[in-house]
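Novice: Submitted below is the structure of interest, expressed as structure tokens.
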Amino acid sequence: MHLTSRRKGEILMTISGIALAIGAASISVPQVAYAGLCISGLGIVSMLWR
């Protein structure tokens, strides 16, 4: 499978959003956890949009 730079960016956005959500939830900062979920959601929507 050949990964384009756009696909790499989408994967990176999704993974970093999930990591941010998990990290923020572990230190009990719910606003940042929700922001991480929004970031990962944007990455998933971007993958499905094409």
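Chain labels A, B, ... are given in the sequence in which chains occur in the structure tokens; within each chain residues are numbered consecutively from 1, and ligands are likewise numbered from 1 in the order shown.
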With only C-alpha atoms as the counted atoms, please give the residues lying no more than 9 Å from region 11-25 of chain A, apart from itself and same-chain residues fewer than 6 positions off, as a ChimeraX atom specification.

Specialist: /A:31-44,47

Novice: List every residue of chain A that DSSP, applied to the backbone, labels as alpha helix (DSSP H), and write the result as an MDAnalysis selection string.

Specialist: chainID A and resid 5:26 30:49
